[in-house]
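Engineer: One structure, as structure tokens, below. Some questions next.
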Amino acid sequence: MGSLSVIEKPLVYPNVRRDESVVDDYHGVLIPDPYRWLEDPESQETKSFIEQQSTLTSTVLKRCESREKLRSTITDLTDHPRYSPPYQRADKLFYYHNSGLQQQDVFYVQDGVDGKPEVLLDPNTLSEDGTVSLKCLSVSEDAKCVAYGLSKNGSDWVSIHVMRIEDRRVLPDTLSWVKFSSIAWTHDSKGFFYSRYPAPKQEEASEAGMETNAYLNHELYYHCLGIDQSEDILCWRDPENPKFMFNASVTEDGKYVLLYIEVGCEEKNKFYYLDLSVLHEKLMDVSDRRGPLPFEKLIDEFDASYEAIANDGTWFTFLCNKDAPRYKLARVDLKEPEAWTDILPESEKDVLVSAHAVAHNRLLVRYLSDVKHVLQVRDLQTGAMLYHLPIDIGSIRCASTRRKYSKVFIGFTSFLTPGIIYHCNMQSEVPDVKIFQEISVPKFDREEFEVNQVFVPSKDGTKIPMSVVSRKNILLDGSHPCLLYGYGGFNESMTPCFSVNRIVLLKHLDAVVCIANIRGGGEYGEEWHKAGSLANKQNCFDDFISAAEFLASKGYTQPRKLCIEGGSNGGLLVGACINQRPDLFGCALAHVGVMDMLRFHKFTIGHAWISDFGCSEKEEEFQWLIKYSPLHNVKKPWEESQYQLNQYPAVMLLTADHDDRVVPSHSLKLLATMQYVLCTSVKHSPQTNPIIGRIERKAGHFCGRPTQKVIDEAADRYSFMATMLNASWVD
């Protein structure tokens with residue numbers, strides 16, 4: 001096990017009040033919750049707890065020798081120009097750019113490929129500390145206006161504003177209480193669709209991003225430019241199903257608005273549509289703006305996922321997983337809604353991730369094949385293969401495209417490729433792919449490193465893909481510090497991407513960095529996802545533990561030099577694994593984790609995760625959850641005979657005060673519990689490895705963090721890791 005050798009005596013942890021009177025009855029099982037009071041972020045007692053924990057963590061971090069070296073080196077490598085793939089509207093291109101250390105990316109516009117770049121929206125001018133960020137941005141079809149959301153302190157809440165592009169004038173329009181929303185302009189550029197929640201009652205109001213109440217009664221509106229938000233047209237709501245969520249898009253021909261209805265995070269949705277001439281009639285009738293609009297219901301049950309990718313009149317092409325867990329393309333005529341035809345059947349192994357209609361009659365199709373993206377061009381009408389696009393092994397991100405445009409921009413990255421943007425002519429008979437922009441990182445030479453993909457047998461024999469990134473030709477003698485990262489949930493795939501932080505660890509700590517593509521993700525389609533959710537969630541932890549055991553058995557590292565890391569659902573992963581195998585790790589970094597599996601559904605958007613986790617209000621599902629819930633499975637390992645070592649690894653739990661997705665109380669309650677069970681409740685406790693928390697101020701659930709906050713957090717957590725693993729700095 002790692003130990004903080006610079007601390008001669010065990011840490012003195014805060015004395016935290018336990019309320020033993022709080023006990024819940026789950027189907028006859030009594031479960032105490034002594035730190036329930038930490039669920040109130042506004043209470044003085046919670047604020048005092050956070051201050052005490054922050055002071056403790058600061059004393060530990062000040063003694064981590066590599067902290068300032070990490071901060072300086074990560075800053076140097078981060079200081080390079082970065083670009084997003086451009087996309088076209090009318091005759092203009094739009095994209096994000098960061099010159100290096102700007103706190104937030106800046107939104108640019110230019111006239112065509114050869115035009116002069118001009119700043120359109122710079123969020124860095126909106127706050128001194130960079131805590132205002134751009135979110136859910138959309139340019140009108142004629143490129144005359146841009147509607148953009150502003151988020152403060154990393155919250156998911158946004159306020160939508162509108163700018164006239166020609167003269168950069170910000171219009172008076174301001175839309176509040178917007179969350180989990182797209183922005184979809186009608187083609188006359190007179191307004192757009194967006195989604196919001198009802199404004200909170202006065203007695204419920206708190207600082208946006210710090211509330212904990214469940215989000216209910218999502219609604220879809222249409223906003224006309226120049227009209228007060230109170231006059232917006234209510235397009236859809238469903239008060240009988242308050243957990244439903246709604247988002248809209250407008251077809252490329254401008255004739256239809258499409259309504260997607262979801263509940264939870266399952267890959268299923270309803271699909272409605274509306275002829276936009278009906279909206280025009282509604283706009284003419286100023287006496288009736290409260291809706292809902294008379295949408296036609298093409299798919300009115302949650303049986304699969306349906307995403308419209310193109311239409312020719314009433315003929316629509318969908319990316320869907322109906323009877324196809326790895327997805328397919330299917331077509332239907334709205335006039336004959338029962339007659340569906342597959343035009344690109346499901347692959348035997350690869351996952352169809354996306355499809356974009358381009359160059360009038362072609363499809364840009366992206367597959368995921370053993371955690372690597374493959375790009376193909378196919379015929380839109382028949383699905384027939386035309387050619388492969390010659391892109392390297394890694395991750396591909398296609399910019400927003402249009403059928404009427406023949407040229408597209410494609411973003412590429414990998415573990416050792418910072419970023420390449422390709423410009424491709426989709427009408428040519430043979431692939432015509434050219435480099436438009438290439439991102440270069442100072443002092444980084446990819447030839448020093450290598451990437452290997454291995455397949456690790458899990459507990460039940462399932463082969464789990466894992467990417468191993470290291471210096472070339474390292475000795476497999478168990479001497480290397482190792483960082484193992486995982487997620488494993490919500491059908492999300494962990495594909496190769498470049499990270500300055502990882503390069504610094506490889507180069508200056510001589511570390512091995514590994515990403516395990518465990519079940520619960522989407523790497524092999526919906527079946528892979530289901531194999532790691534609900535009653536099968538334990539498979540995620542078994543997969544991750546098996547990956548750790550593999551790394552030790554093959555000589556990449558050894559348990560006392562192994563750190564595990566994950567965020568959100570990955571934070572849950574880390575929390576569960578250190579409970580189940582505290583002997584296997586030297587350090588653990590858990591970001592914004594879902595740690596209280598019995599109460600997660602009661603806060604903000606937590607109810608949406610029931611589709612992946614289950615819910616403690618159902619007895620069968622309670623039995624799944626109580627077995628692995630990190631908060632409820634902290635035990636003294638020295639009392640468990642099966643463990644060879646007698647304490648938990650060093651642990652850092654990371655959260656943020658404005659995380660309104662996974663509320664901070666998950667991490668705070670687990671932090672208090674671990675410190676009590678392992679440390680303060682035991683005289684002369686064997687637990688000498690630190691259990692600390694890092695609570696970021698004015699930040700949320702990853703998104704929108706200023707560059708400096710990102711760098712500072714990386715320096716803190718990885719210097720903690722380096723110290724715990726006894727990893728020496730290499731110049």
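Going through the structure tokens in order, the chains are called A, B, and so on, while each chain numbers its residues from 1 and the ligands are numbered from 1 in the order shown.
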Per DSSP on the backbone, what are the alpha helix (DSSP H) residues of stretch 133-302 of chain A, as an MDAnalysis selection string?
Structural biologist: chainID A and resid 276:284
Engineer: From the DSSP assignment of the backbone, select every residue of stretch 421-531 of chain A that is strand (DSSP E or B), and format the answer as a PyMOL selection string.
Structural biologist: chain A and resi 421-425+433-438+449-457+463-471+482-486+512-516
Engineer: May I have the selected residues written with C-alpha atoms, as an mmCIF file, in the first residue's frame?
Structural biologist:
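So the final result, stored in selection-v6.cif, reads:
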data_model
loop_
_atom_site.group_PDB
_atom_site.id
_atom_site.type_symbol
_atom_site.label_atom_id
_atom_site.label_comp_id
_atom_site.auth_asym_id
_atom_site.auth_seq_id
_atom_site.Cartn_x
_atom_site.Cartn_y
_atom_site.Cartn_z
ATOM 1 C CA ILE A 421 -8.961 18.358 -38.715
ATOM 2 C CA TYR A 422 -9.498 16.912 -42.173
ATOM 3 C CA HIS A 423 -11.288 18.611 -45.075
ATOM 4 C CA CYS A 424 -13.041 16.137 -47.321
ATOM 5 C CA ASN A 425 -14.835 16.447 -50.677
ATOM 6 C CA VAL A 433 -9.091 13.830 -47.684
ATOM 7 C CA LYS A 434 -6.744 16.707 -46.902
ATOM 8 C CA ILE A 435 -5.365 18.051 -43.644
ATOM 9 C CA PHE A 436 -7.045 21.372 -42.863
ATOM 10 C CA GLN A 437 -5.516 21.949 -39.427
ATOM 11 C CA GLU A 438 -3.147 20.001 -37.208
ATOM 12 C CA PHE A 449 5.513 6.365 -26.550
ATOM 13 C CA GLU A 450 3.428 3.423 -27.674
ATOM 14 C CA VAL A 451 -0.141 2.182 -27.360
ATOM 15 C CA ASN A 452 -1.133 -1.453 -27.075
ATOM 16 C CA GLN A 453 -4.612 -2.908 -26.873
ATOM 17 C CA VAL A 454 -4.980 -6.022 -24.753
ATOM 18 C CA PHE A 455 -8.039 -8.145 -23.992
ATOM 19 C CA VAL A 456 -8.363 -9.074 -20.325
ATOM 20 C CA PRO A 457 -10.454 -12.054 -19.188
ATOM 21 C CA LYS A 463 -12.779 -10.488 -22.761
ATOM 22 C CA ILE A 464 -12.471 -6.825 -21.763
ATOM 23 C CA PRO A 465 -10.539 -4.502 -24.107
ATOM 24 C CA MET A 466 -7.985 -2.263 -22.432
ATOM 25 C CA SER A 467 -5.624 0.310 -23.942
ATOM 26 C CA VAL A 468 -2.162 0.487 -22.384
ATOM 27 C CA VAL A 469 -0.144 3.659 -23.036
ATOM 28 C CA SER A 470 3.505 3.803 -21.973
ATOM 29 C CA ARG A 471 7.013 4.731 -22.953
ATOM 30 C CA CYS A 482 0.188 2.920 -13.091
ATOM 31 C CA LEU A 483 -3.057 4.839 -13.556
ATOM 32 C CA LEU A 484 -6.091 2.734 -14.460
ATOM 33 C CA TYR A 485 -9.154 4.683 -15.652
ATOM 34 C CA GLY A 486 -12.679 3.398 -16.207
ATOM 35 C CA VAL A 512 1.770 3.437 -17.416
ATOM 36 C CA VAL A 513 -1.702 4.767 -18.242
ATOM 37 C CA CYS A 514 -4.531 2.323 -18.961
ATOM 38 C CA ILE A 515 -8.156 2.749 -20.034
ATOM 39 C CA ALA A 516 -10.372 -0.280 -19.434
#
Engineer: Find, counting only C-alpha atoms, the residue in A:Gly606, A:Met652, A:Glu141, A:Phe600 that gets nearest to A:Val574.
Structural biologist: A:Met652
Engineer: Kindly give the distance, in Å, that separates atom CA of A:Trp236 and atom CA of A:His601, rounded to a single decimal.
Structural biologist: 24.5 Å
Engineer: Which residues are near stretch 82-87 of chain A? Cut-off 9 Å, only C-alpha atoms, ignore same chain within fewer than 5 positions. Put them as a PyMOL selection string.
Structural biologist: chain A and resi 92-100+105+397-401+408-411+418-422+437-440
Engineer: With only C-alpha atoms as the counted atoms, please give the residues lying no more than 12 Å from stretch 30-32 of chain A, apart from itself and same-chain residues fewer than 2 positions off, as a tab-separated table (two decimals) with N, CA and C atoms, in the first residue's frame.
Structural biologist:
chain	number	residue	atom	x	y	z
A	18	ARG	N	-22.52	12.85	14.01
A	18	ARG	CA	-23.33	11.74	13.48
A	18	ARG	C	-24.72	11.81	14.10
A	19	ASP	N	-25.72	11.81	13.26
A	19	ASP	CA	-27.10	11.82	13.76
A	19	ASP	C	-27.64	10.39	13.68
A	20	GLU	N	-27.52	9.67	14.77
A	20	GLU	CA	-27.89	8.25	14.78
A	20	GLU	C	-29.40	8.05	14.73
A	21	SER	N	-30.16	9.14	14.84
A	21	SER	CA	-31.61	9.00	14.82
A	21	SER	C	-32.17	8.82	13.41
A	22	VAL	N	-31.36	9.11	12.40
A	22	VAL	CA	-31.84	9.01	11.01
A	22	VAL	C	-31.65	7.58	10.53
A	23	VAL	N	-32.76	6.86	10.45
A	23	VAL	CA	-32.75	5.46	10.02
A	23	VAL	C	-33.91	5.26	9.06
A	24	ASP	N	-33.63	4.68	7.89
A	24	ASP	CA	-34.67	4.41	6.89
A	24	ASP	C	-34.99	2.92	6.86
A	25	ASP	N	-36.26	2.63	6.60
A	25	ASP	CA	-36.72	1.25	6.49
A	25	ASP	C	-36.90	0.92	5.01
A	26	TYR	N	-36.01	0.09	4.46
A	26	TYR	CA	-36.10	-0.34	3.08
A	26	TYR	C	-36.59	-1.79	3.06
A	27	HIS	N	-37.90	-1.95	2.89
A	27	HIS	CA	-38.48	-3.28	2.73
A	27	HIS	C	-38.12	-4.19	3.92
A	28	GLY	N	-38.17	-3.58	5.11
A	28	GLY	CA	-37.89	-4.34	6.33
A	28	GLY	C	-36.44	-4.33	6.76
A	34	PRO	N	-26.47	8.57	9.08
A	34	PRO	CA	-26.11	9.56	10.11
A	34	PRO	C	-25.63	10.90	9.57
A	35	TYR	N	-25.28	10.94	8.27
A	35	TYR	CA	-24.81	12.21	7.69
A	35	TYR	C	-25.83	12.80	6.72
A	36	ARG	N	-27.09	12.51	6.95
A	36	ARG	CA	-28.16	13.04	6.10
A	36	ARG	C	-28.08	14.56	6.01
A	596	ASP	N	-24.22	7.28	-3.08
A	596	ASP	CA	-25.35	6.82	-2.26
A	596	ASP	C	-26.38	6.22	-3.21
A	598	LEU	N	-28.86	4.38	-2.63
A	598	LEU	CA	-30.23	4.24	-2.13
A	598	LEU	C	-31.03	5.52	-2.28
A	599	ARG	N	-30.36	6.68	-2.46
A	599	ARG	CA	-31.07	7.95	-2.49
A	599	ARG	C	-30.75	8.82	-3.71
A	616	SER	N	-34.09	1.99	-5.20
A	616	SER	CA	-34.22	1.34	-3.89
A	616	SER	C	-35.66	1.23	-3.42
A	622	PHE	N	-33.51	-2.81	-4.66
A	622	PHE	CA	-32.81	-2.47	-3.43
A	622	PHE	C	-31.75	-3.52	-3.11
A	626	ILE	N	-27.86	-2.33	-2.53
A	626	ILE	CA	-27.26	-2.33	-1.20
A	626	ILE	C	-25.97	-3.15	-1.18
A	631	LEU	N	-21.37	4.08	-0.27
A	631	LEU	CA	-21.65	4.64	1.05
A	631	LEU	C	-21.97	3.58	2.08
A	632	HIS	N	-22.56	2.48	1.65
A	632	HIS	CA	-23.09	1.49	2.59
A	632	HIS	C	-22.22	0.24	2.71
A	633	ASN	N	-21.03	0.27	2.12
A	633	ASN	CA	-20.18	-0.92	2.16
A	633	ASN	C	-18.75	-0.62	2.61
A	673	THR	N	-18.16	9.18	6.14
A	673	THR	CA	-18.30	7.77	6.53
A	673	THR	C	-16.95	7.07	6.56
